[in-house]
Amino acid sequence: MEFSPTKVPELISPKLRRACSKVSGSNKVGFVEVEPGAKYKSNKCAYNARDEAESVGGRVIFGWGVFVWKNVMFDFIGHAVVELESRYYCVTPSKQGDKKILFVPDNTITFDFENPDSRLPSQEVAISKRSEVKKLLVVREKIRAIKIKYPVSSGNVQLP
C-alpha cells in the first residue's frame with residue numbers, strides 16, 4: 001500500500017456533489033465496489049476494464065474516481081469501470097486497499113487503446129480558500145503538463 005493524503009470519501013456531501021457536477025456535468029455519482037482480479041494491474045484501469053468487459057460481456061464506462069484530501073481538495077482521477085447488468089464495478093486493484101471508490105461517469109472521457117502513451121485525465125477542485133492550496137493546484141497542473149510529454153512506460157520523470 002502507498003501513502004496518499006487523498007482518500008475515498010465516506011459520504012457524498014452537497015459540496016462534493018456540486019464538485020462532481022462541475023467536473024463531469026453529471027449528477028450520477030455513486031460508490032462502486034472494487035473487485036480486483038488477480039490478473040489486473042494497478043494504474044491500468046482502462047485495460048483492466050476492457051479485458052474484464054470482454055470476458056463477461058459487459059461494457060467499459062469511463063469517468064472519474066473521486067477522492068478527497070480533507071479540507072484541502074477533491075481529486076478527480078480519470079478512471080474506467082465495468083458495467084454488467086446495470087451494475088458498475090471496478091476490477092483495478094487499489095494501491096490503498098480500498099474496497100469501494102466514488103465514481104462519476106463522464107462520456108466525454110475517451111482512451112486510445114492503440115496508443116501505449118495514452119493517459120486518462122485528472123484534475124482537482126479546491127475545498128480550501130487558502131492561497132497555499134491554490135498554489136498546490138497550479139504546481140500539480142504543471143507536473144501533469146510535464147508528464148504528458150513523456151511516455152507512460154518511461155518510469156519516474158526526473159528533473160534537473
# chains A, B, ... in the order shown; residues from 1 in each chain; ligands from 1
>>> closest_atom_pairs(of="segment 3-89 of chain A", to="segment 120-142 of chain A", cutoff="10 Å", atoms="only C-alpha atoms", output="tab-separated table")
residue	atom	partner	partner_atom	distance
A:Lys15	CA	A:Ile127	CA	8.5
A:Leu16	CA	A:Ile127	CA	9.1
A:Ala19	CA	A:Val125	CA	6.8
A:Cys20	CA	A:Val125	CA	9.2
A:Lys22	CA	A:Val125	CA	9.1
A:Val23	CA	A:Gln123	CA	8.4
A:Lys44	CA	A:Leu120	CA	10.0
A:Cys45	CA	A:Leu120	CA	9.5
A:Ala46	CA	A:Leu120	CA	8.4
A:Phe62	CA	A:Leu120	CA	9.2
A:Gly63	CA	A:Leu120	CA	9.3
A:Trp64	CA	A:Ser122	CA	8.1
A:Gly65	CA	A:Ser122	CA	9.3
A:Val66	CA	A:Glu124	CA	9.5
A:Phe67	CA	A:Glu124	CA	9.5
A:Val68	CA	A:Ile127	CA	9.1
A:Trp69	CA	A:Ile127	CA	8.7
A:Lys70	CA	A:Ile127	CA	8.3
A:Asn71	CA	A:Ile127	CA	5.8
A:Val72	CA	A:Ser128	CA	5.0
A:Met73	CA	A:Ala126	CA	4.3
A:Phe74	CA	A:Val125	CA	5.1
A:Asp75	CA	A:Glu124	CA	4.6
A:Phe76	CA	A:Gln123	CA	5.2
A:Ile77	CA	A:Ser122	CA	4.4
A:Gly78	CA	A:Leu120	CA	4.9
A:His79	CA	A:Leu120	CA	7.0
A:Ala80	CA	A:Leu120	CA	9.1
>>> residues_around(residues="segment 32-39 of chain A", least_positions_apart="3", cutoff="8 Å", atoms="only C-alpha atoms", output="ChimeraX atom specification")
/A:88-94,98-103
>>> write_last_selection(atoms="C-alpha atoms", output="PDB file, in the first residue's frame")
ATOM      1  CA  TYR A  88     -20.858  -0.806 -12.120  1.00  0.00           C
ATOM      2  CA  TYR A  89     -17.819  -2.454 -10.563  1.00  0.00           C
ATOM      3  CA  CYS A  90     -14.073  -1.818 -10.586  1.00  0.00           C
ATOM      4  CA  VAL A  91     -11.523  -4.575 -11.230  1.00  0.00           C
ATOM      5  CA  THR A  92      -8.401  -2.436 -10.789  1.00  0.00           C
ATOM      6  CA  PRO A  93      -6.517  -3.117  -7.546  1.00  0.00           C
ATOM      7  CA  SER A  94      -6.370  -0.094  -5.246  1.00  0.00           C
ATOM      8  CA  ASP A  98      -9.906   0.401  -0.925  1.00  0.00           C
ATOM      9  CA  LYS A  99     -12.955  -1.870  -1.141  1.00  0.00           C
ATOM     10  CA  LYS A 100     -15.027   0.835  -2.851  1.00  0.00           C
ATOM     11  CA  ILE A 101     -14.439   4.042  -4.767  1.00  0.00           C
ATOM     12  CA  LEU A 102     -16.599   7.035  -5.548  1.00  0.00           C
ATOM     13  CA  PHE A 103     -17.232   7.100  -9.290  1.00  0.00           C
TER      14      PHE A 103
END
>>> select_by_dssp(residues="chain A", states="strand (DSSP E)", output="PyMOL selection string")
chain A and resi 30-34+59-69+73-84+87-90+100-105+122-126
>>> select_by_dssp(residues="segment 7-159 of chain A", states="alpha helix (DSSP H)", output="VMD selection string")
chain A and resid 14 to 24 45 to 56 131 to 147
>>> write_last_selection(atoms="N, CA and C atoms", output="compact mmCIF listing (two decimals), in the first residue's frame")
# COMPACT_ATOMS: atom_id res chain seq x y z
N PRO A 14 -23.11 17.66 -0.03
CA PRO A 14 -23.60 18.57 -1.07
C PRO A 14 -22.44 19.27 -1.81
N LYS A 15 -21.40 19.63 -1.08
CA LYS A 15 -20.24 20.30 -1.70
C LYS A 15 -19.54 19.35 -2.68
N LEU A 16 -19.41 18.10 -2.29
CA LEU A 16 -18.78 17.11 -3.17
C LEU A 16 -19.67 16.85 -4.39
N ARG A 17 -20.97 16.76 -4.18
CA ARG A 17 -21.89 16.55 -5.31
C ARG A 17 -21.78 17.70 -6.31
N ARG A 18 -21.67 18.94 -5.81
CA ARG A 18 -21.52 20.11 -6.70
C ARG A 18 -20.21 20.03 -7.48
N ALA A 19 -19.13 19.62 -6.80
CA ALA A 19 -17.83 19.49 -7.48
C ALA A 19 -17.91 18.42 -8.57
N CYS A 20 -18.57 17.31 -8.29
CA CYS A 20 -18.73 16.24 -9.28
C CYS A 20 -19.50 16.74 -10.50
N SER A 21 -20.55 17.49 -10.24
CA SER A 21 -21.35 18.04 -11.34
C SER A 21 -20.54 19.03 -12.16
N LYS A 22 -19.72 19.83 -11.48
CA LYS A 22 -18.88 20.82 -12.17
C LYS A 22 -17.87 20.13 -13.09
N VAL A 23 -17.26 19.07 -12.61
CA VAL A 23 -16.22 18.38 -13.39
C VAL A 23 -16.82 17.52 -14.50
N SER A 24 -17.88 16.78 -14.18
CA SER A 24 -18.40 15.80 -15.14
C SER A 24 -19.65 16.24 -15.89
N CYS A 45 -6.42 0.89 -15.32
CA CYS A 45 -7.87 0.66 -15.25
C CYS A 45 -8.52 0.53 -16.62
N ALA A 46 -8.09 1.30 -17.60
CA ALA A 46 -8.72 1.23 -18.93
C ALA A 46 -8.52 -0.17 -19.52
N TYR A 47 -7.30 -0.67 -19.46
CA TYR A 47 -7.02 -2.01 -19.99
C TYR A 47 -7.71 -3.09 -19.15
N ASN A 48 -7.67 -2.93 -17.83
CA ASN A 48 -8.32 -3.90 -16.94
C ASN A 48 -9.82 -3.97 -17.23
N ALA A 49 -10.46 -2.81 -17.31
CA ALA A 49 -11.91 -2.77 -17.54
C ALA A 49 -12.25 -3.35 -18.92
N ARG A 50 -11.43 -3.02 -19.92
CA ARG A 50 -11.68 -3.57 -21.26
C ARG A 50 -11.60 -5.09 -21.26
N ASP A 51 -10.54 -5.62 -20.63
CA ASP A 51 -10.36 -7.07 -20.61
C ASP A 51 -11.49 -7.76 -19.84
N GLU A 52 -11.88 -7.18 -18.72
CA GLU A 52 -12.98 -7.76 -17.92
C GLU A 52 -14.29 -7.69 -18.69
N ALA A 53 -14.57 -6.54 -19.29
CA ALA A 53 -15.83 -6.38 -20.04
C ALA A 53 -15.90 -7.40 -21.18
N GLU A 54 -14.79 -7.59 -21.87
CA GLU A 54 -14.76 -8.58 -22.96
C GLU A 54 -15.00 -9.99 -22.44
N SER A 55 -14.48 -10.29 -21.25
CA SER A 55 -14.61 -11.67 -20.75
C SER A 55 -15.98 -11.96 -20.15
N VAL A 56 -16.70 -10.93 -19.67
CA VAL A 56 -18.02 -11.17 -19.04
C VAL A 56 -19.19 -10.67 -19.87
N SER A 131 -4.42 30.34 0.09
CA SER A 131 -3.55 30.60 -1.07
C SER A 131 -2.59 29.43 -1.32
N GLU A 132 -2.18 28.74 -0.27
CA GLU A 132 -1.27 27.60 -0.44
C GLU A 132 -1.92 26.48 -1.25
N VAL A 133 -3.21 26.31 -1.07
CA VAL A 133 -3.93 25.28 -1.82
C VAL A 133 -4.01 25.67 -3.29
N LYS A 134 -4.28 26.93 -3.55
CA LYS A 134 -4.31 27.39 -4.94
C LYS A 134 -2.95 27.18 -5.60
N LYS A 135 -1.88 27.47 -4.86
CA LYS A 135 -0.53 27.26 -5.40
C LYS A 135 -0.27 25.77 -5.65
N LEU A 136 -0.73 24.92 -4.74
CA LEU A 136 -0.57 23.48 -4.91
C LEU A 136 -1.24 23.00 -6.19
N LEU A 137 -2.43 23.49 -6.45
CA LEU A 137 -3.15 23.07 -7.66
C LEU A 137 -2.44 23.55 -8.92
N VAL A 138 -1.83 24.71 -8.87
CA VAL A 138 -1.05 25.21 -10.01
C VAL A 138 0.16 24.30 -10.24
N VAL A 139 0.84 23.92 -9.16
CA VAL A 139 2.00 23.03 -9.28
C VAL A 139 1.59 21.67 -9.84
N ARG A 140 0.48 21.14 -9.36
CA ARG A 140 0.01 19.84 -9.87
C ARG A 140 -0.31 19.91 -11.36
N GLU A 141 -0.86 21.02 -11.80
CA GLU A 141 -1.15 21.19 -13.23
C GLU A 141 0.15 21.23 -14.03
N LYS A 142 1.17 21.88 -13.50
CA LYS A 142 2.46 21.94 -14.18
C LYS A 142 3.10 20.55 -14.25
N ILE A 143 2.98 19.79 -13.19
CA ILE A 143 3.51 18.42 -13.19
C ILE A 143 2.80 17.58 -14.25
N ARG A 144 1.48 17.72 -14.35
CA ARG A 144 0.74 16.99 -15.39
C ARG A 144 1.23 17.36 -16.78
N ALA A 145 1.47 18.65 -16.99
CA ALA A 145 1.94 19.12 -18.30
C ALA A 145 3.30 18.49 -18.65
N ILE A 146 4.15 18.30 -17.64
CA ILE A 146 5.44 17.66 -17.87
C ILE A 146 5.25 16.17 -18.17
N LYS A 147 4.43 15.50 -17.36
CA LYS A 147 4.23 14.05 -17.54
C LYS A 147 3.68 13.71 -18.92
>>> closest_residue(among="A:Ser86, A:Ser42, A:Gln96, A:Ser26", to="Thr6 of chain A", atoms="only C-alpha atoms")
A:Gln96
>>> closest_residue(among="A:Asp117, A:Arg87, A:Pro5, A:Ile12", to="Asn27 of chain A", atoms="only C-alpha atoms")
A:Ile12
>>> atom_distance(atom1="atom CA of Val29 of chain A", atom2="atom CA of Gly58 of chain A")
19.9 Å
